[in-house]
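Raw contents of run-v4.cif, mmCIF, C-alpha atoms:
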data_entry
#
loop_
_atom_site.group_PDB
_atom_site.id
_atom_site.type_symbol
_atom_site.label_atom_id
_atom_site.label_comp_id
_atom_site.auth_asym_id
_atom_site.auth_seq_id
_atom_site.Cartn_x
_atom_site.Cartn_y
_atom_site.Cartn_z
ATOM 1 C CA MET H 30 -88.718 10.784 -47.450
ATOM 2 C CA SER H 31 -86.410 12.130 -50.136
ATOM 3 C CA LYS H 32 -83.644 9.914 -51.438
ATOM 4 C CA SER H 33 -80.067 11.143 -51.301
ATOM 5 C CA THR H 34 -78.992 8.865 -54.148
ATOM 6 C CA ASP H 35 -80.309 5.791 -55.928
ATOM 7 C CA TRP H 36 -77.483 3.347 -55.396
ATOM 8 C CA TYR H 37 -74.482 2.314 -53.327
ATOM 9 C CA ASP H 38 -71.476 0.362 -54.579
ATOM 10 C CA LEU H 39 -70.655 -2.617 -52.365
ATOM 11 C CA THR H 40 -67.608 -4.835 -52.818
ATOM 12 C CA ASP H 41 -68.566 -8.509 -52.753
ATOM 13 C CA GLY H 42 -66.614 -11.534 -51.540
ATOM 14 C CA LYS H 43 -64.815 -11.804 -54.888
ATOM 15 C CA GLY H 44 -63.769 -8.191 -54.923
ATOM 16 C CA GLN H 45 -66.405 -7.344 -57.524
ATOM 17 C CA ARG H 46 -68.551 -4.242 -57.283
ATOM 18 C CA GLN H 47 -72.222 -4.915 -56.578
ATOM 19 C CA ARG H 48 -74.637 -2.051 -57.053
ATOM 20 C CA VAL H 49 -77.119 -1.910 -54.190
ATOM 21 C CA THR H 50 -80.470 -0.293 -54.899
ATOM 22 C CA ILE H 51 -83.844 -0.359 -53.240
ATOM 23 C CA GLU H 52 -84.861 -3.048 -55.734
ATOM 24 C CA THR H 53 -81.883 -5.310 -54.996
ATOM 25 C CA LEU H 54 -82.600 -4.954 -51.294
ATOM 26 C CA LYS H 55 -86.243 -5.871 -51.850
ATOM 27 C CA SER H 56 -85.189 -8.859 -53.931
ATOM 28 C CA ALA H 57 -82.736 -9.986 -51.252
ATOM 29 C CA ALA H 58 -85.378 -9.514 -48.561
ATOM 30 C CA LYS H 59 -87.727 -11.918 -50.384
ATOM 31 C CA SER H 60 -85.131 -14.677 -50.303
ATOM 32 C CA MET H 61 -84.139 -14.168 -46.699
ATOM 33 C CA THR H 62 -85.559 -16.016 -43.737
ATOM 34 C CA GLY H 63 -84.919 -15.735 -40.036
ATOM 35 C CA SER H 64 -82.941 -13.192 -38.107
ATOM 36 C CA SER H 65 -79.289 -12.833 -37.325
ATOM 37 C CA GLY H 66 -79.016 -10.538 -34.400
ATOM 38 C CA LEU H 67 -81.079 -7.368 -34.877
ATOM 39 C CA THR H 68 -78.064 -5.121 -35.244
ATOM 40 C CA LEU H 69 -79.264 -2.534 -37.744
ATOM 41 C CA GLN H 70 -82.804 -2.262 -38.974
ATOM 42 C CA VAL H 71 -84.175 -0.013 -41.709
ATOM 43 C CA ILE H 72 -87.656 0.652 -43.015
ATOM 44 C CA LEU H 73 -88.069 -1.005 -46.431
ATOM 45 C CA ASP H 74 -91.505 -0.971 -48.040
ATOM 46 C CA GLY H 75 -92.987 -0.079 -44.674
ATOM 47 C CA ASN H 76 -91.420 -3.061 -42.944
ATOM 48 C CA ARG H 77 -88.534 -3.256 -40.505
ATOM 49 C CA VAL H 78 -85.756 -5.342 -41.997
ATOM 50 C CA GLU H 79 -82.219 -6.117 -40.918
ATOM 51 C CA ILE H 80 -80.020 -4.618 -43.591
ATOM 52 C CA LEU H 81 -76.708 -6.350 -42.863
ATOM 53 C CA PRO H 82 -77.898 -9.885 -43.778
ATOM 54 C CA LEU H 83 -79.429 -8.445 -46.967
ATOM 55 C CA LEU H 84 -76.102 -6.885 -47.935
ATOM 56 C CA GLU H 85 -74.282 -10.113 -47.088
ATOM 57 C CA ASN H 86 -76.733 -11.910 -49.377
ATOM 58 C CA ILE H 87 -76.149 -9.417 -52.200
ATOM 59 C CA ALA H 88 -72.380 -9.554 -51.743
ATOM 60 C CA SER H 89 -72.395 -13.334 -51.304
ATOM 61 C CA THR H 90 -70.292 -13.027 -48.183
ATOM 62 C CA GLY H 91 -70.574 -14.741 -44.841
ATOM 63 C CA ALA H 92 -72.571 -13.688 -41.808
ATOM 64 C CA GLY H 93 -70.935 -10.862 -39.900
ATOM 65 C CA SER H 94 -68.787 -9.770 -42.835
ATOM 66 C CA ILE H 95 -70.549 -6.455 -43.451
ATOM 67 C CA PRO H 96 -69.813 -3.881 -40.754
ATOM 68 C CA VAL H 97 -72.542 -1.752 -39.235
ATOM 69 C CA ARG H 98 -70.858 1.373 -40.612
ATOM 70 C CA THR H 99 -71.329 0.079 -44.179
ATOM 71 C CA GLY H 100 -74.975 -0.629 -43.409
ATOM 72 C CA LEU H 101 -75.376 2.950 -42.198
ATOM 73 C CA ASP H 102 -73.691 4.257 -45.354
ATOM 74 C CA VAL H 103 -75.973 2.167 -47.585
ATOM 75 C CA ALA H 104 -79.042 3.338 -45.699
ATOM 76 C CA SER H 105 -77.888 6.939 -46.016
ATOM 77 C CA ALA H 106 -77.093 6.603 -49.716
ATOM 78 C CA LEU H 107 -80.495 5.090 -50.467
ATOM 79 C CA GLY H 108 -82.402 7.411 -48.170
ATOM 80 C CA LEU H 109 -83.672 4.544 -46.034
ATOM 81 C CA GLU H 110 -84.988 5.383 -42.613
ATOM 82 C CA ILE H 111 -83.065 3.700 -39.839
ATOM 83 C CA PHE H 112 -85.315 2.116 -37.257
ATOM 84 C CA LYS H 113 -84.314 3.085 -33.809
ATOM 85 C CA GLU H 114 -85.724 1.614 -30.635
ATOM 86 C CA PRO H 115 -86.602 4.445 -28.243
ATOM 87 C CA ALA H 116 -84.504 2.783 -25.607
ATOM 88 C CA VAL H 117 -81.408 2.992 -27.765
ATOM 89 C CA ARG H 118 -81.058 6.735 -27.252
ATOM 90 C CA THR H 119 -80.898 6.454 -23.526
ATOM 91 C CA SER H 120 -79.255 3.087 -23.063
ATOM 92 C CA PRO H 121 -75.756 3.614 -21.741
ATOM 93 C CA ARG H 122 -72.721 2.559 -23.704
ATOM 94 C CA PRO H 123 -71.394 -0.567 -22.020
ATOM 95 C CA GLN H 124 -69.767 0.589 -18.835
ATOM 96 C CA SER H 125 -66.793 -1.617 -19.526
ATOM 97 C CA LEU H 126 -65.880 0.431 -22.608
ATOM 98 C CA ARG H 127 -66.190 3.728 -20.758
ATOM 99 C CA SER H 128 -64.058 2.310 -17.982
ATOM 100 C CA LYS H 129 -61.446 1.151 -20.459
ATOM 101 C CA LEU H 130 -61.407 4.512 -22.232
ATOM 102 C CA ALA H 131 -61.114 6.333 -18.911
ATOM 103 C CA ARG H 132 -57.863 4.481 -18.339
ATOM 104 C CA LEU H 133 -56.355 5.845 -21.563
ATOM 105 C CA PRO H 134 -56.151 9.619 -21.080
ATOM 106 C CA GLY H 135 -53.908 11.370 -23.561
ATOM 107 C CA GLN H 136 -54.049 8.461 -26.014
ATOM 108 C CA TRP H 137 -55.556 7.988 -29.434
ATOM 109 C CA VAL H 138 -57.940 5.049 -29.498
ATOM 110 C CA ALA H 139 -59.509 3.043 -32.327
ATOM 111 C CA ILE H 140 -62.973 1.675 -31.485
ATOM 112 C CA ARG H 141 -64.980 -0.838 -33.442
ATOM 113 C CA GLU H 142 -68.400 -1.981 -32.281
ATOM 114 C CA ASP H 143 -67.789 -0.888 -28.689
ATOM 115 C CA GLU H 144 -64.431 -2.648 -28.490
ATOM 116 C CA ILE H 145 -61.021 -0.989 -28.368
ATOM 117 C CA VAL H 146 -59.052 -2.186 -31.381
ATOM 118 C CA ALA H 147 -55.813 -0.343 -30.593
ATOM 119 C CA SER H 148 -54.453 2.644 -28.721
ATOM 120 C CA SER H 149 -51.344 4.786 -28.968
ATOM 121 C CA LYS H 150 -50.043 8.181 -27.985
ATOM 122 C CA ASP H 151 -49.020 8.630 -31.612
ATOM 123 C CA LEU H 152 -51.862 9.094 -34.099
ATOM 124 C CA SER H 153 -49.867 8.111 -37.175
ATOM 125 C CA GLU H 154 -48.724 4.911 -35.452
ATOM 126 C CA LEU H 155 -52.307 4.109 -34.484
ATOM 127 C CA MET H 156 -53.525 4.669 -38.043
ATOM 128 C CA ALA H 157 -50.832 2.357 -39.383
ATOM 129 C CA ARG H 158 -51.621 -0.359 -36.819
ATOM 130 C CA VAL H 159 -55.357 -0.243 -37.452
ATOM 131 C CA GLY H 160 -54.891 -0.280 -41.227
ATOM 132 C CA SER H 161 -58.023 -0.863 -43.247
ATOM 133 C CA VAL H 162 -60.102 -2.118 -40.310
ATOM 134 C CA GLU H 163 -63.251 -0.032 -39.926
ATOM 135 C CA ALA H 164 -62.920 1.933 -36.705
ATOM 136 C CA SER H 165 -63.718 5.239 -35.071
ATOM 137 C CA ILE H 166 -60.635 7.160 -34.013
ATOM 138 C CA LEU H 167 -60.903 9.173 -30.794
ATOM 139 C CA PHE H 168 -58.491 11.189 -28.744
ATOM 140 C CA ILE H 169 -59.157 10.561 -25.053
ATOM 141 C CA PRO H 170 -58.828 13.903 -23.288
ATOM 142 C CA GLU H 171 -56.908 14.266 -20.080
ATOM 143 C CA ARG H 172 -59.413 14.397 -17.251
ATOM 144 C CA SER H 173 -58.536 17.993 -16.420
ATOM 145 C CA ALA H 174 -59.247 18.993 -20.003
ATOM 146 C CA GLU H 175 -62.663 17.348 -20.208
ATOM 147 C CA ARG H 176 -65.358 19.902 -20.573
ATOM 148 C CA ARG H 177 -68.631 20.373 -22.272
ATOM 149 C CA ARG H 178 -69.012 22.603 -25.242
ATOM 150 C CA MET J 27 -77.443 10.799 -45.727
ATOM 151 C CA LYS J 28 -79.002 10.107 -42.374
ATOM 152 C CA TYR J 29 -77.009 9.646 -39.201
ATOM 153 C CA PRO J 30 -78.345 8.842 -35.758
ATOM 154 C CA PHE J 31 -77.155 11.110 -32.959
ATOM 155 C CA GLU J 32 -73.998 9.784 -31.371
ATOM 156 C CA ARG J 33 -72.534 10.019 -27.903
ATOM 157 C CA VAL J 34 -68.781 10.405 -28.148
ATOM 158 C CA TYR J 35 -66.674 9.676 -25.081
ATOM 159 C CA PRO J 36 -66.400 11.313 -22.582
ATOM 160 C CA ASP J 37 -69.714 13.017 -23.367
ATOM 161 C CA ASN J 38 -72.873 11.602 -21.860
ATOM 162 C CA VAL J 39 -75.097 13.478 -24.295
ATOM 163 C CA TYR J 40 -76.235 12.363 -27.732
ATOM 164 C CA ARG J 41 -75.373 15.037 -30.307
ATOM 165 C CA PRO J 42 -75.600 15.497 -34.083
ATOM 166 C CA MET J 43 -72.308 13.841 -34.984
ATOM 167 C CA ILE J 44 -71.254 12.531 -38.375
ATOM 168 C CA PRO J 45 -68.397 10.154 -39.183
ATOM 169 C CA PHE J 46 -65.855 11.573 -41.619
ATOM 170 C CA ARG J 47 -62.439 10.923 -43.066
ATOM 171 C CA VAL J 48 -59.629 13.267 -43.900
ATOM 172 C CA GLU J 49 -58.150 12.428 -47.279
ATOM 173 C CA GLY J 50 -54.935 10.502 -46.765
ATOM 174 C CA MET J 51 -56.026 8.494 -43.739
ATOM 175 C CA PRO J 52 -56.688 4.772 -44.200
ATOM 176 C CA VAL J 53 -60.051 3.875 -45.682
ATOM 177 C CA GLY J 54 -62.349 2.572 -42.955
ATOM 178 C CA GLN J 55 -61.024 4.823 -40.219
ATOM 179 C CA THR J 56 -63.207 7.777 -39.294
ATOM 180 C CA PHE J 57 -63.326 10.646 -36.858
ATOM 181 C CA TRP J 58 -66.482 12.154 -35.385
ATOM 182 C CA GLY J 59 -67.520 15.687 -36.343
ATOM 183 C CA LEU J 60 -70.124 17.757 -34.518
ATOM 184 C CA VAL J 61 -72.615 19.433 -36.854
ATOM 185 C CA ASP J 62 -72.498 22.841 -35.204
ATOM 186 C CA SER J 63 -74.425 25.773 -36.638
ATOM 187 C CA GLY J 64 -72.863 27.946 -33.939
ATOM 188 C CA ALA J 65 -69.391 27.441 -35.387
ATOM 189 C CA MET J 66 -67.965 29.096 -38.471
ATOM 190 C CA ALA J 67 -65.044 26.990 -39.704
ATOM 191 C CA THR J 68 -64.298 23.294 -39.825
ATOM 192 C CA THR J 69 -61.888 22.740 -36.967
ATOM 193 C CA LEU J 70 -59.664 19.709 -36.507
ATOM 194 C CA ASP J 71 -56.832 18.765 -34.170
ATOM 195 C CA ALA J 72 -53.464 19.858 -35.578
ATOM 196 C CA ARG J 73 -52.077 16.419 -34.712
ATOM 197 C CA ILE J 74 -54.251 15.030 -37.494
ATOM 198 C CA ALA J 75 -52.371 17.268 -39.924
ATOM 199 C CA ASP J 76 -49.078 16.115 -38.423
ATOM 200 C CA ALA J 77 -50.043 12.440 -38.762
ATOM 201 C CA LEU J 78 -51.066 12.916 -42.389
ATOM 202 C CA ARG J 79 -48.058 15.117 -43.206
ATOM 203 C CA ILE J 80 -50.188 18.107 -44.058
ATOM 204 C CA PRO J 81 -47.869 21.111 -43.758
ATOM 205 C CA LEU J 82 -48.862 23.780 -41.253
ATOM 206 C CA ILE J 83 -46.969 27.054 -41.468
ATOM 207 C CA ASP J 84 -46.043 28.446 -38.044
ATOM 208 C CA SER J 85 -45.863 32.018 -39.296
ATOM 209 C CA ALA J 86 -49.483 31.770 -40.417
ATOM 210 C CA ALA J 87 -50.810 30.863 -36.967
ATOM 211 C CA VAL J 88 -53.908 32.707 -35.824
ATOM 212 C CA SER J 89 -55.122 32.680 -32.238
ATOM 213 C CA VAL J 90 -58.851 32.004 -31.960
ATOM 214 C CA ALA J 91 -61.300 31.307 -29.141
ATOM 215 C CA ILE J 92 -63.373 28.144 -29.476
ATOM 216 C CA GLY J 93 -65.728 26.917 -26.783
ATOM 217 C CA GLY J 94 -64.190 29.254 -24.225
ATOM 218 C CA SER J 95 -60.600 28.160 -24.904
ATOM 219 C CA HIS J 96 -57.899 29.817 -26.981
ATOM 220 C CA PHE J 97 -56.036 27.886 -29.645
ATOM 221 C CA GLU J 98 -53.285 28.595 -32.132
ATOM 222 C CA THR J 99 -54.788 27.605 -35.459
ATOM 223 C CA TYR J 100 -53.426 27.028 -38.955
ATOM 224 C CA LEU J 101 -55.384 26.964 -42.199
ATOM 225 C CA ALA J 102 -54.890 24.232 -44.781
ATOM 226 C CA ASP J 103 -56.960 22.934 -47.692
ATOM 227 C CA VAL J 104 -57.688 19.230 -47.251
ATOM 228 C CA GLY J 105 -60.087 16.684 -48.684
ATOM 229 C CA ILE J 106 -62.961 15.758 -46.381
ATOM 230 C CA ILE J 107 -65.041 12.625 -47.025
ATOM 231 C CA VAL J 108 -68.470 11.955 -45.527
ATOM 232 C CA GLY J 109 -70.135 8.776 -46.741
ATOM 233 C CA GLN J 110 -69.495 8.796 -50.482
ATOM 234 C CA HIS J 111 -69.143 12.574 -50.747
ATOM 235 C CA ARG J 112 -65.800 14.352 -50.953
ATOM 236 C CA TRP J 113 -64.938 18.016 -51.021
ATOM 237 C CA VAL J 114 -61.932 20.212 -50.368
ATOM 238 C CA SER J 115 -62.304 22.197 -47.198
ATOM 239 C CA GLU J 116 -60.350 25.095 -45.776
ATOM 240 C CA VAL J 117 -59.773 23.510 -42.394
ATOM 241 C CA ARG J 118 -58.634 25.285 -39.254
ATOM 242 C CA PHE J 119 -56.169 22.984 -37.470
ATOM 243 C CA ALA J 120 -55.913 23.776 -33.752
ATOM 244 C CA ARG J 121 -52.905 23.087 -31.529
ATOM 245 C CA GLY J 122 -53.868 21.925 -28.040
ATOM 246 C CA TRP J 123 -57.286 20.629 -29.131
ATOM 247 C CA SER J 124 -58.524 18.476 -26.270
ATOM 248 C CA HIS J 125 -61.867 17.151 -27.470
ATOM 249 C CA SER J 126 -62.470 13.662 -28.796
ATOM 250 C CA TYR J 127 -64.471 15.059 -31.728
ATOM 251 C CA TYR J 128 -64.195 17.942 -34.171
ATOM 252 C CA VAL J 129 -66.426 20.692 -35.513
ATOM 253 C CA PHE J 130 -68.170 21.331 -38.806
ATOM 254 C CA GLY J 131 -69.425 24.890 -39.107
ATOM 255 C CA LEU J 132 -71.320 27.273 -41.341
ATOM 256 C CA GLN J 133 -68.521 28.032 -43.804
ATOM 257 C CA ASP J 134 -68.174 24.468 -44.981
ATOM 258 C CA LEU J 135 -70.655 21.688 -44.288
ATOM 259 C CA PHE J 136 -73.619 24.029 -44.009
ATOM 260 C CA SER J 137 -72.776 25.751 -47.291
ATOM 261 C CA LEU J 138 -72.461 22.459 -49.198
ATOM 262 C CA PHE J 139 -75.381 20.464 -47.787
ATOM 263 C CA ARG J 140 -78.952 21.015 -46.754
ATOM 264 C CA ILE J 141 -78.873 19.913 -43.135
ATOM 265 C CA HIS J 142 -81.790 18.877 -40.999
ATOM 266 C CA VAL J 143 -81.130 18.112 -37.361
ATOM 267 C CA ASP J 144 -84.109 16.486 -35.644
ATOM 268 C CA ALA J 145 -83.526 16.254 -31.915
ATOM 269 C CA SER J 146 -86.862 14.527 -31.308
ATOM 270 C CA SER J 147 -85.895 11.533 -33.429
ATOM 271 C CA GLY J 148 -82.171 11.933 -32.833
ATOM 272 C CA MET J 149 -81.310 12.028 -36.517
ATOM 273 C CA THR J 150 -79.162 14.281 -38.697
ATOM 274 C CA ASP J 151 -80.010 14.388 -42.406
ATOM 275 C CA LEU J 152 -77.531 15.752 -44.947
ATOM 276 C CA ALA J 153 -78.322 16.232 -48.626
ATOM 277 C CA PRO J 154 -75.862 17.923 -50.977
ATOM 278 C CA HIS J 155 -77.108 21.071 -52.677
ATOM 279 C CA ARG J 156 -78.090 20.436 -56.287
ATOM 280 C CA HIS J 157 -75.366 21.244 -58.791
ATOM 281 C CA GLU J 158 -72.811 21.707 -56.004
ATOM 282 C CA ALA J 159 -69.651 21.393 -58.087
ATOM 283 C CA ARG J 160 -67.330 21.248 -55.097
ATOM 284 C CA ILE J 161 -68.706 17.822 -54.060
ATOM 285 C CA THR J 162 -67.584 14.683 -55.867
ATOM 286 C CA ARG J 163 -68.579 11.099 -55.267
ATOM 287 C CA VAL J 164 -66.005 8.607 -54.074
ATOM 288 C CA ARG J 165 -66.013 4.856 -53.789
ATOM 289 C CA ARG J 166 -65.260 3.425 -50.408
#
Starting from the file, lay out its structure as structure tokens.
Amino acid sequence: MSKSTDWYDLTDGKGQRQRVTIETLKSAAKSMTGSSGLTLQVILDGNRVEILPLLENIASTGAGSIPVRTGLDVASALGLEIFKEPAVRTSPRPQSLRSKLARLPGQWVAIREDEIVASSKDLSELMARVGSVEASILFIPERSAERRR
Amino acid sequence: MKYPFERVYPDNVYRPMIPFRVEGMPVGQTFWGLVDSGAMATTLDARIADALRIPLIDSAAVSVAIGGSHFETYLADVGIIVGQHRWVSEVRFARGWSHSYYVFGLQDLFSLFRIHVDASSGMTDLAPHRHEARITRVRR
């Protein structure tokens, strides 16, 4: 697998920049024990490892402080293969989220980890309310406008 | 950069989507863009331009057909950020856009990156062309 880059800059708990490389990940992996939820796994040295706890270790931040999106960015920057359970592709998004989104036609919605963070008919207002929180921004089409490309 | 296929509401199908930012929007917030070799231009909702105060000139509107629908579109140069890569794109902003995601086409993403879409593994791999001067690296 070809690497896209050799490093990724991560901001630690003190606001300092920590350079993440394959070597720092390997070093962090050696000092880690146990599992914290199997949220995002990558292939490192032929082994499946959870990347978020490794990044939390490198950044000296608490459990759950590194969002999945950052883990994906680090994996992309370092050219790490993301391990994906076959079932993940076909497992449905939690029905509750789809149901909630279906009740917001014509609105802009901010979603983080399958939860609606905020919604508004005004995109600029939504952006301001969400601020620096990591979130995907979607416009929920009116039902009559839904169509497949 | 590798991205797993994503299913974006209300779609029930996993597609080659990538998260991206438009320069000017808060760091951390992203939209979804479909990597679409059947499209030419990068197309975004004109309300994104409105929200970010990107001027769109009414007299420069061009009517185009996208996905079987007609839209009034306006061109504007804006910064696009994917991962830690930024470039200035000539974006087509469409009034009346009714999808929850946007489109990256041949004139932009495909000319800047080598793109490999693997439907069997459900992964999209982007690597910037060597010596591509239009791409700069950004810190998150």
Of the residues J:Leu82, J:Ala91, J:Ala65, J:Val53, which is the one nearest to chain H, using all atoms listed in the file?
J:Val53
Residue IDs satisfying the PyMOL selection byres ((chain H) within 7 of (chain J)), as a PDB file with C-alpha atoms, in the frame of the given file:
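Once everything was written out, this is out-v7.pdb:
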ATOM      1  CA  SER H  33     -80.067  11.143 -51.301  1.00  0.00           C
ATOM      2  CA  ASP H 102     -73.691   4.257 -45.354  1.00  0.00           C
ATOM      3  CA  SER H 105     -77.888   6.939 -46.016  1.00  0.00           C
ATOM      4  CA  ALA H 106     -77.093   6.603 -49.716  1.00  0.00           C
ATOM      5  CA  GLY H 108     -82.402   7.411 -48.170  1.00  0.00           C
ATOM      6  CA  LEU H 152     -51.862   9.094 -34.099  1.00  0.00           C
ATOM      7  CA  SER H 153     -49.867   8.111 -37.175  1.00  0.00           C
ATOM      8  CA  MET H 156     -53.525   4.669 -38.043  1.00  0.00           C
ATOM      9  CA  GLY H 160     -54.891  -0.280 -41.227  1.00  0.00           C
ATOM     10  CA  SER H 161     -58.023  -0.863 -43.247  1.00  0.00           C
ATOM     11  CA  VAL H 162     -60.102  -2.118 -40.310  1.00  0.00           C
ATOM     12  CA  GLU H 163     -63.251  -0.032 -39.926  1.00  0.00           C
ATOM     13  CA  ALA H 164     -62.920   1.933 -36.705  1.00  0.00           C
ATOM     14  CA  SER H 165     -63.718   5.239 -35.071  1.00  0.00           C
ATOM     15  CA  ILE H 166     -60.635   7.160 -34.013  1.00  0.00           C
ATOM     16  CA  LEU H 167     -60.903   9.173 -30.794  1.00  0.00           C
ATOM     17  CA  PHE H 168     -58.491  11.189 -28.744  1.00  0.00           C
ATOM     18  CA  ILE H 169     -59.157  10.561 -25.053  1.00  0.00           C
ATOM     19  CA  PRO H 170     -58.828  13.903 -23.288  1.00  0.00           C
ATOM     20  CA  ALA H 174     -59.247  18.993 -20.003  1.00  0.00           C
ATOM     21  CA  ARG H 178     -69.012  22.603 -25.242  1.00  0.00           C
TER      22      ARG H 178
END
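Polymer residues near (-62.9, 25.8, -42.1): counting all atoms listed in the file with a cut-off of 10 Å, they are Ala65, Met66, Ala67, Thr68, Thr69, Leu70, Leu101, Ala102, Asp103, Val104, Ser115, Glu116, Val117, Arg118, Phe119, Val129, Phe130, Gly131, Leu132, Gln133, Asp134 and Leu135 of chain J.
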Assuming the chain letters and numbering stay as they are in my file, what does the PyMOL selection byres ((chain H and resi 132) around 12) actually select? List them as JSON, numbers by chain.
{"H": [125, 126, 127, 128, 129, 130, 131, 133, 134, 135, 136, 137, 138, 145, 148, 169, 170, 171, 172], "J": [36]}
Can you tell me how far atom CA of J:Ile161 sits from atom CA of J:Trp113, in Å to one decimal?
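These atoms are spaced 4.8 Å apart.
Distance-wise, atom CA of H:Pro82 and atom CA of H:Pro96 end up 10.5 Å apart.
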List every protein, DNA or RNA residue that has an atom no more than 8 Å from (-52.8, 32.8, -40.7) in the file's coordinate frame, counting all atoms listed in the file, and report them as a PyMOL selection string.
chain J and resi 85-88+99-101
